[in-house]
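Asks: Provided herewith: query03.txt, compact mmCIF, C-alpha atoms.
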```
# COMPACT_ATOMS: atom_id res chain seq x y z
CA MET D 30 113.93 85.90 87.73
CA SER D 31 114.75 83.55 84.92
CA ASP D 32 116.45 85.05 81.87
CA SER D 33 113.75 83.35 79.79
CA ILE D 34 111.02 85.58 81.25
CA LYS D 35 110.35 88.38 78.79
CA ILE D 36 109.00 91.75 79.94
CA TYR D 37 106.12 93.22 77.95
CA HIS D 38 104.78 96.75 78.36
CA SER D 39 101.55 96.20 76.44
CA MET D 40 99.42 93.39 75.08
CA ALA D 41 100.19 94.63 71.56
CA GLU D 42 103.89 94.10 72.21
CA PHE D 43 103.19 90.64 73.63
CA TYR D 44 101.16 89.47 70.63
CA ALA D 45 103.60 90.94 68.15
CA ALA D 46 106.38 88.93 69.78
CA THR D 47 104.38 85.71 69.95
CA GLY D 48 102.97 85.68 66.46
CA GLY D 49 99.58 87.26 67.04
CA THR D 50 98.10 90.64 66.25
CA MET D 51 96.59 93.28 68.44
CA GLU D 52 95.94 96.92 67.69
CA GLN D 53 97.63 99.34 70.09
CA ASP D 54 96.02 102.71 70.68
CA LEU D 55 96.73 105.19 73.46
CA ASP D 56 97.75 103.25 76.56
CA CYS D 57 94.52 101.27 76.47
CA THR D 58 93.38 98.35 74.32
CA VAL D 59 90.10 96.47 73.99
CA HIS D 60 89.76 93.26 71.95
CA ARG D 61 87.56 90.22 71.58
CA LEU D 62 89.19 87.17 73.08
CA GLU D 63 88.18 85.06 70.09
CA ASP D 64 90.09 87.43 67.80
CA VAL D 65 93.38 87.30 69.68
CA HIS D 66 93.24 83.61 70.62
CA ALA D 67 91.68 82.23 67.46
CA ASN D 68 93.31 78.79 67.24
CA PRO D 69 93.16 76.81 70.48
CA PRO D 70 94.43 74.72 72.06
CA LEU D 71 97.43 76.89 72.84
CA VAL D 72 99.91 77.54 75.62
CA SER D 73 101.55 80.95 75.97
CA PRO D 74 105.18 81.47 76.93
CA LEU D 75 105.79 82.81 80.42
CA PHE D 76 106.12 86.58 80.47
CA ARG D 77 106.12 89.54 82.83
CA ALA D 78 103.69 92.34 81.99
CA ASN D 79 103.99 95.98 82.99
CA TYR D 80 100.32 96.82 82.44
CA TYR D 81 96.87 95.98 83.83
CA SER D 82 94.51 93.58 82.14
CA PHE D 83 90.88 92.64 82.69
CA VAL D 84 89.58 89.48 81.05
CA LEU D 85 85.84 88.80 80.70
CA ILE D 86 85.15 85.22 79.59
CA ARG D 87 81.64 84.57 78.30
CA THR D 88 82.39 81.02 77.08
CA GLY D 89 85.45 78.81 76.81
CA LEU D 90 87.80 76.77 78.97
CA GLY D 91 91.41 77.08 80.06
CA ARG D 92 93.57 78.29 82.90
CA TYR D 93 96.07 81.00 83.68
CA LEU D 94 99.18 81.33 85.80
CA ILE D 95 100.11 84.22 88.09
CA ASP D 96 103.48 83.66 89.75
CA ASN D 97 103.02 80.36 91.62
CA TYR D 98 99.22 80.29 91.39
CA THR D 99 97.13 78.60 88.71
CA TYR D 100 93.44 79.37 88.20
CA GLU D 101 90.75 77.77 86.07
CA THR D 102 88.90 79.81 83.49
CA LYS D 103 85.38 78.87 82.42
CA PRO D 104 82.16 80.59 81.32
CA GLY D 105 81.39 83.59 83.51
CA THR D 106 85.00 84.13 84.64
CA ILE D 107 86.19 87.67 85.35
CA TYR D 108 89.76 88.30 86.37
CA PHE D 109 92.36 91.02 86.36
CA THR D 110 96.13 91.11 86.67
CA ASN D 111 98.41 94.01 87.53
CA PRO D 112 102.05 94.82 86.76
CA GLY D 113 105.06 92.89 87.93
CA HIS D 114 103.82 89.30 87.98
CA ILE D 115 105.06 86.35 85.93
CA LYS D 116 102.13 85.30 83.79
CA GLY D 117 101.08 82.61 81.38
CA PHE D 118 97.87 81.06 80.10
CA GLU D 119 96.45 78.00 78.40
CA ILE D 120 93.37 77.91 76.21
CA HIS D 121 91.75 74.51 75.90
CA GLU D 122 88.51 75.57 74.23
CA LEU D 123 87.96 78.80 72.27
CA CYS D 124 87.23 81.64 74.69
CA ARG D 125 84.74 84.34 73.77
CA GLY D 126 84.57 87.62 75.62
CA TYR D 127 86.85 90.63 76.01
CA ILE D 128 90.34 91.55 77.10
CA ILE D 129 90.88 95.14 78.25
CA THR D 130 94.36 96.41 79.03
CA PHE D 131 95.66 99.77 80.20
CA ALA D 132 98.78 101.41 81.52
CA GLU D 133 99.03 103.35 84.77
CA SER D 134 99.48 106.55 82.75
CA PHE D 135 96.08 106.02 81.08
CA LEU D 136 94.38 105.37 84.42
CA LYS D 137 95.77 108.55 85.98
CA GLN D 138 95.12 110.75 82.97
CA TYR D 139 91.67 109.57 81.91
CA VAL D 140 90.12 107.68 84.83
CA HIS D 141 91.17 109.25 88.14
CA ALA D 142 94.21 111.30 89.16
CA HIS D 143 94.43 109.40 92.46
CA ILE D 144 93.60 106.03 90.95
CA PHE D 145 94.96 103.83 93.75
CA GLU D 146 93.11 105.73 96.44
CA GLU D 147 89.85 105.45 94.52
CA PHE D 148 90.43 101.83 93.47
CA PRO D 149 92.91 100.28 95.94
CA PHE D 150 92.16 96.74 94.70
CA LEU D 151 94.25 97.55 91.62
CA ILE D 152 97.35 96.87 93.72
CA ALA D 153 96.03 93.66 95.31
CA GLU D 154 98.91 91.21 95.35
CA ILE D 155 96.80 88.16 94.64
CA ALA D 156 93.53 88.67 92.80
CA PRO D 157 91.75 85.34 92.28
CA PRO D 158 89.20 85.15 89.45
CA ARG D 159 85.51 85.66 90.08
CA TYR D 160 83.12 83.05 88.72
CA THR D 161 79.86 84.86 88.10
CA ASP D 162 76.30 83.82 87.35
CA PRO D 163 74.84 84.71 83.92
CA ALA D 164 72.97 87.78 85.19
CA THR D 165 76.07 89.26 86.80
CA PHE D 166 78.27 88.48 83.84
CA GLU D 167 75.78 90.18 81.51
CA ILE D 168 76.57 93.51 83.21
CA PHE D 169 80.24 93.16 82.37
CA ASP D 170 79.57 91.73 78.94
CA ARG D 171 77.64 94.87 78.01
CA LEU D 172 80.46 97.04 79.32
CA GLY D 173 82.96 95.04 77.28
CA SER D 174 80.88 95.59 74.17
CA GLN D 175 80.68 99.34 74.80
CA LEU D 176 84.41 99.57 75.43
CA LEU D 177 85.19 97.69 72.21
CA SER D 178 82.84 99.91 70.20
CA GLU D 179 84.51 103.07 71.49
CA PHE D 180 87.99 101.62 71.07
CA GLN D 181 87.26 100.95 67.41
CA SER D 182 85.72 104.38 66.86
CA GLY D 183 87.42 107.41 65.42
CA SER D 184 85.90 109.79 67.92
CA THR D 185 87.76 112.97 68.78
CA TYR D 186 86.96 112.19 72.40
CA LYS D 187 87.92 108.53 72.21
CA ALA D 188 90.39 108.61 75.12
CA GLN D 189 88.00 110.48 77.40
CA ILE D 190 85.09 108.17 76.56
CA LEU D 191 87.22 105.08 77.11
CA GLY D 192 88.40 106.55 80.40
CA SER D 193 84.81 107.07 81.52
CA LEU D 194 83.83 103.53 80.58
CA VAL D 195 86.89 102.07 82.30
CA ARG D 196 85.87 104.01 85.40
CA VAL D 197 82.41 102.41 85.22
CA LEU D 198 84.05 99.00 84.84
CA LEU D 199 86.26 99.61 87.88
CA LEU D 200 83.33 100.89 89.93
CA LYS D 201 81.28 97.77 89.14
CA ILE D 202 84.27 95.55 90.00
CA LYS D 203 84.72 97.45 93.26
CA GLU D 204 81.01 97.35 94.10
CA MET D 205 80.58 93.63 93.46
CA PHE D 206 83.91 92.10 94.42
CA TRP D 207 86.31 94.46 96.20
CA HIS D 208 84.23 97.02 98.10
CA SER D 209 85.95 96.35 101.44
CA TYR D 210 89.51 95.75 100.23
CA ASP D 211 92.23 97.42 102.33
CA PRO D 212 95.86 97.01 101.20
CA LEU D 213 97.10 97.16 104.79
CA HIS D 214 94.98 94.13 105.67
CA GLU D 215 96.67 92.19 102.91
CA SER D 216 99.86 93.25 104.74
CA ASP D 217 103.42 93.56 103.61
CA ARG D 218 104.07 89.94 104.67
CA GLY D 219 101.66 88.78 101.97
CA SER D 220 103.22 90.98 99.31
CA GLN D 221 105.85 89.50 97.03
CA ILE D 222 106.68 92.97 95.74
CA VAL D 223 107.29 94.29 99.25
CA ARG D 224 109.26 91.20 100.29
CA THR D 225 111.49 91.50 97.24
CA PHE D 226 112.01 95.21 97.88
CA LYS D 227 113.10 94.50 101.47
CA GLN D 228 115.45 91.75 100.30
CA ASN D 229 116.96 94.06 97.68
CA LEU D 230 117.28 96.84 100.25
CA GLU D 231 119.18 94.57 102.64
CA ALA D 232 121.40 93.14 99.90
CA HIS D 233 122.24 96.58 98.56
CA PHE D 234 123.37 97.89 101.95
CA ARG D 235 125.48 94.78 102.57
CA GLU D 236 127.30 95.47 99.31
CA LEU D 237 127.55 99.19 100.03
CA VAL D 238 128.95 98.83 103.55
CA ALA D 239 131.38 96.17 102.38
CA GLY D 240 132.73 98.61 99.81
CA ARG D 241 131.87 96.38 96.87
CA ILE D 242 129.71 98.98 95.15
CA GLU D 243 129.50 102.76 95.00
CA GLY D 244 126.39 104.87 94.94
CA MET D 245 123.19 104.68 96.93
CA TYR D 246 120.22 103.07 95.23
CA GLN D 247 117.24 105.33 94.63
CA VAL D 248 113.58 104.37 94.25
CA GLN D 249 113.99 103.94 90.50
CA ASP D 250 116.79 101.42 91.06
CA TYR D 251 114.66 99.26 93.35
CA ALA D 252 111.79 99.53 90.85
CA ALA D 253 114.03 98.52 87.95
CA ALA D 254 115.14 95.43 89.89
CA GLN D 255 111.52 94.20 89.75
CA GLN D 256 110.72 95.61 86.28
CA LEU D 257 108.17 98.01 87.80
CA HIS D 258 107.43 101.68 87.34
CA PRO D 259 108.85 103.67 90.31
CA ASN D 260 105.45 105.20 91.04
CA TYR D 261 103.85 101.77 91.17
CA LEU D 262 106.50 100.35 93.50
CA SER D 263 106.15 103.40 95.76
CA THR D 264 102.37 103.01 95.83
CA VAL D 265 102.52 99.30 96.67
CA VAL D 266 105.09 99.74 99.45
CA LYS D 267 103.24 102.67 101.03
CA SER D 268 99.82 101.00 100.75
CA LYS D 269 100.93 97.64 102.13
CA THR D 270 103.29 98.80 104.89
CA GLY D 271 101.85 102.21 105.81
CA LYS D 272 105.29 103.73 105.26
CA PRO D 273 106.71 105.47 102.16
CA ILE D 274 109.52 103.74 100.34
CA GLN D 275 111.77 106.75 100.98
CA ALA D 276 111.25 106.19 104.71
CA TRP D 277 112.39 102.55 104.38
CA ILE D 278 115.55 103.69 102.60
CA ALA D 279 116.21 106.48 105.12
CA GLU D 280 115.70 104.18 108.11
CA LYS D 281 118.06 101.59 106.65
CA THR D 282 120.66 104.28 105.94
CA ILE D 283 120.49 105.56 109.53
CA ALA D 284 120.58 102.04 110.98
CA GLU D 285 123.74 101.23 109.02
CA ALA D 286 125.29 104.57 109.94
CA GLN D 287 124.58 103.98 113.63
CA ALA D 288 126.07 100.49 113.44
CA LEU D 289 129.26 101.80 111.81
CA LEU D 290 129.59 104.64 114.30
CA ALA D 291 129.01 102.38 117.30
CA ARG D 292 130.97 99.29 116.25
CA SER D 293 133.89 100.54 114.22
CA ASP D 294 136.73 103.02 114.53
CA ALA D 295 135.89 104.64 111.19
CA THR D 296 135.81 108.41 111.24
CA VAL D 297 132.59 110.29 110.55
CA GLN D 298 134.04 111.17 107.15
CA GLU D 299 134.79 107.52 106.39
CA VAL D 300 131.29 106.47 107.44
CA ALA D 301 129.83 109.14 105.18
CA TYR D 302 131.83 107.93 102.19
CA ARG D 303 131.03 104.29 102.99
CA LEU D 304 127.33 105.13 102.76
CA ALA D 305 127.78 106.95 99.43
CA PHE D 306 127.51 110.49 100.78
CA LYS D 307 129.82 112.65 98.65
CA GLU D 308 130.06 115.36 101.32
CA PRO D 309 130.55 114.55 105.03
CA GLY D 310 128.62 117.72 105.85
CA HIS D 311 125.61 116.39 103.99
CA PHE D 312 125.84 113.14 105.93
CA THR D 313 125.99 115.02 109.24
CA ARG D 314 122.91 117.09 108.39
CA TYR D 315 121.05 113.97 107.18
CA PHE D 316 121.94 112.02 110.31
CA LYS D 317 120.86 114.84 112.64
CA LYS D 318 117.59 115.32 110.76
CA HIS D 319 116.65 111.69 111.39
CA THR D 320 118.09 111.17 114.89
CA GLY D 321 118.29 114.61 116.53
CA LEU D 322 122.05 114.13 117.06
CA THR D 323 125.11 114.70 114.94
CA PRO D 324 127.18 111.58 114.21
CA SER D 325 129.83 112.75 116.73
CA GLU D 326 127.17 113.36 119.41
CA PHE D 327 125.68 109.92 118.75
CA ARG D 328 129.09 108.27 119.11
CA ARG D 329 129.83 110.11 122.37
CA ALA D 330 126.39 109.23 123.76
CA GLY D 331 127.03 105.57 123.11
```
The structure given in the file should be rewritten as structure tokens.
Replies:
Amino acid sequence: MSDSIKIYHSMAEFYAATGGTMEQDLDCTVHRLEDVHANPPLVSPLFRANYYSFVLIRTGLGRYLIDNYTYETKPGTIYFTNPGHIKGFEIHELCRGYIITFAESFLKQYVHAHIFEEFPFLIAEIAPPRYTDPATFEIFDRLGSQLLSEFQSGSTYKAQILGSLVRVLLLKIKEMFWHSYDPLHESDRGSQIVRTFKQNLEAHFRELVAGRIEGMYQVQDYAAAQQLHPNYLSTVVKSKTGKPIQAWIAEKTIAEAQALLARSDATVQEVAYRLAFKEPGHFTRYFKKHTGLTPSEFRRAG
């Protein structure tokens, strides 16, 4: 990742840094596009966002960038982006509509506790825009208006009401565009997040076995390497590979342990320390749990 790519955790933070204004409330924001992009033409800097955004474009022209993909925006465009991607946008003609953003914490607290099971399309790696007809867009335009009204209200139940309306928005998106989406069908091969995790996993163990670093990476370390929340990385890896991220780490640990035991003269204690186990006894128990053999039994069997 280029050092010039800034990481933003909310749209309010993004606009504050780039000279615009946007009210931040809860972990959810709703604004009119014409209010936050009032002076086109404009080109945004590239940035990496750690939040979800839905953009509903009633009128206007431009385009936006997601990683290596560029998409046109025009009247009737609906698109969403999720955390972790490098983003940018251009506005050629004033866009009118709505931008709705929310954090994972808001989704889980106010929309659905098991948000990715209910709405798996939220972790779709590539989500092209939808170009809708006027009748279809009207449905989302009304929802955008309701969301904005509640966002600007002082209601005691503001968060709960916004959560309910966001759930309606997600249900309509799912019904019309993503009703049959299955993360496994997108596959880990099509997932940049999964590919990067696997590359980082391999690189980390090369450094570890070579003795160039100390300490085994945990899920939060792999997440930090991609500027993602650990829960989000875990969800993406499990959904797109069918296997929990902890299983990937455990399998890699055992594979490296087996290679060291089979191909080197290192003692079991030395192998344990090489793989960042502080206690050889812990390594022996871990190895037997995953293979059914102790390290010594494995070496004799080979």
Asks: Could I get the residues of region 228-268 of chain D with an atom no further than 10 Å from an atom of region 148-168 of chain D, each paired with its nearest atom pair and that distance in Å to one decimal, using all atoms listed in the file, sorted by chain and residue number, as CSV?
Replies:
```
residue,atom,partner,partner_atom,distance
D:Tyr261,CA,D:Ile152,CA,8.5
D:Leu262,CA,D:Ile152,CA,9.8
D:Thr264,CA,D:Ile152,CA,8.2
D:Val265,CA,D:Ile152,CA,6.4
D:Ser268,CA,D:Pro149,CA,8.5
```
Asks: Pick out the residues sitting within 8 Å of Leu123 (chain D), and hand them over as number ranges by chain; count only C-alpha atoms, and ignore anything fewer than 3 positions along from it in its own chain.
Replies: D: 63, 66-70, 88-90, 120
Asks: So how far away is CA of Lys307 (chain D) from CA of Gly244 (chain D), in Å?
Replies: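 Atom-to-atom, CA of Gly244 (chain D) to CA of Lys307 (chain D), that is 9.3 Å.
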Asks: Given all atoms listed in the file as the basis, pick out the residue of D:Arg314, D:Arg224, D:His60, D:His141 nearest to Ala301 (chain D).
Replies: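 Of all the options, D:Arg314 lies closest to Ala301 (chain D).
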Asks: Considering all atoms listed in the file, return as a PyMOL selection string whatever protein or nucleic-acid residues lie within 6 Å of Phe83 (chain D), sequence-local ones (same chain, fewer than 5 positions apart) excluded.
Replies: chain D and resi 108-109+128-129
Asks: Quote the spacing between CA of Glu101 (chain D) and CA of Asn79 (chain D) in Å to one decimal place.
Replies: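 Separation between CA of Glu101 (chain D) and CA of Asn79 (chain D): 22.7 Å.
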Asks: Build an axis-aligned box that encloses every atom of region 70-80 of chain D listed in the file, pad it by 3 Å on each side, and report its centre and edge lengths in Å to one decimal, as AutoDock Vina command-line options.
Replies:
```
--center_x 100.3 --center_y 85.8 --center_z 77.5 --size_x 17.7 --size_y 28.1 --size_z 16.9
```
Asks: Need to verify the contact set: Tyr81 (chain D), 8 Å, only C-alpha atoms, exclusion of same-chain residues closer than 4 positions in sequence. Can you return it as a PyMOL selection string?
Replies: chain D and resi 109-112+130-133
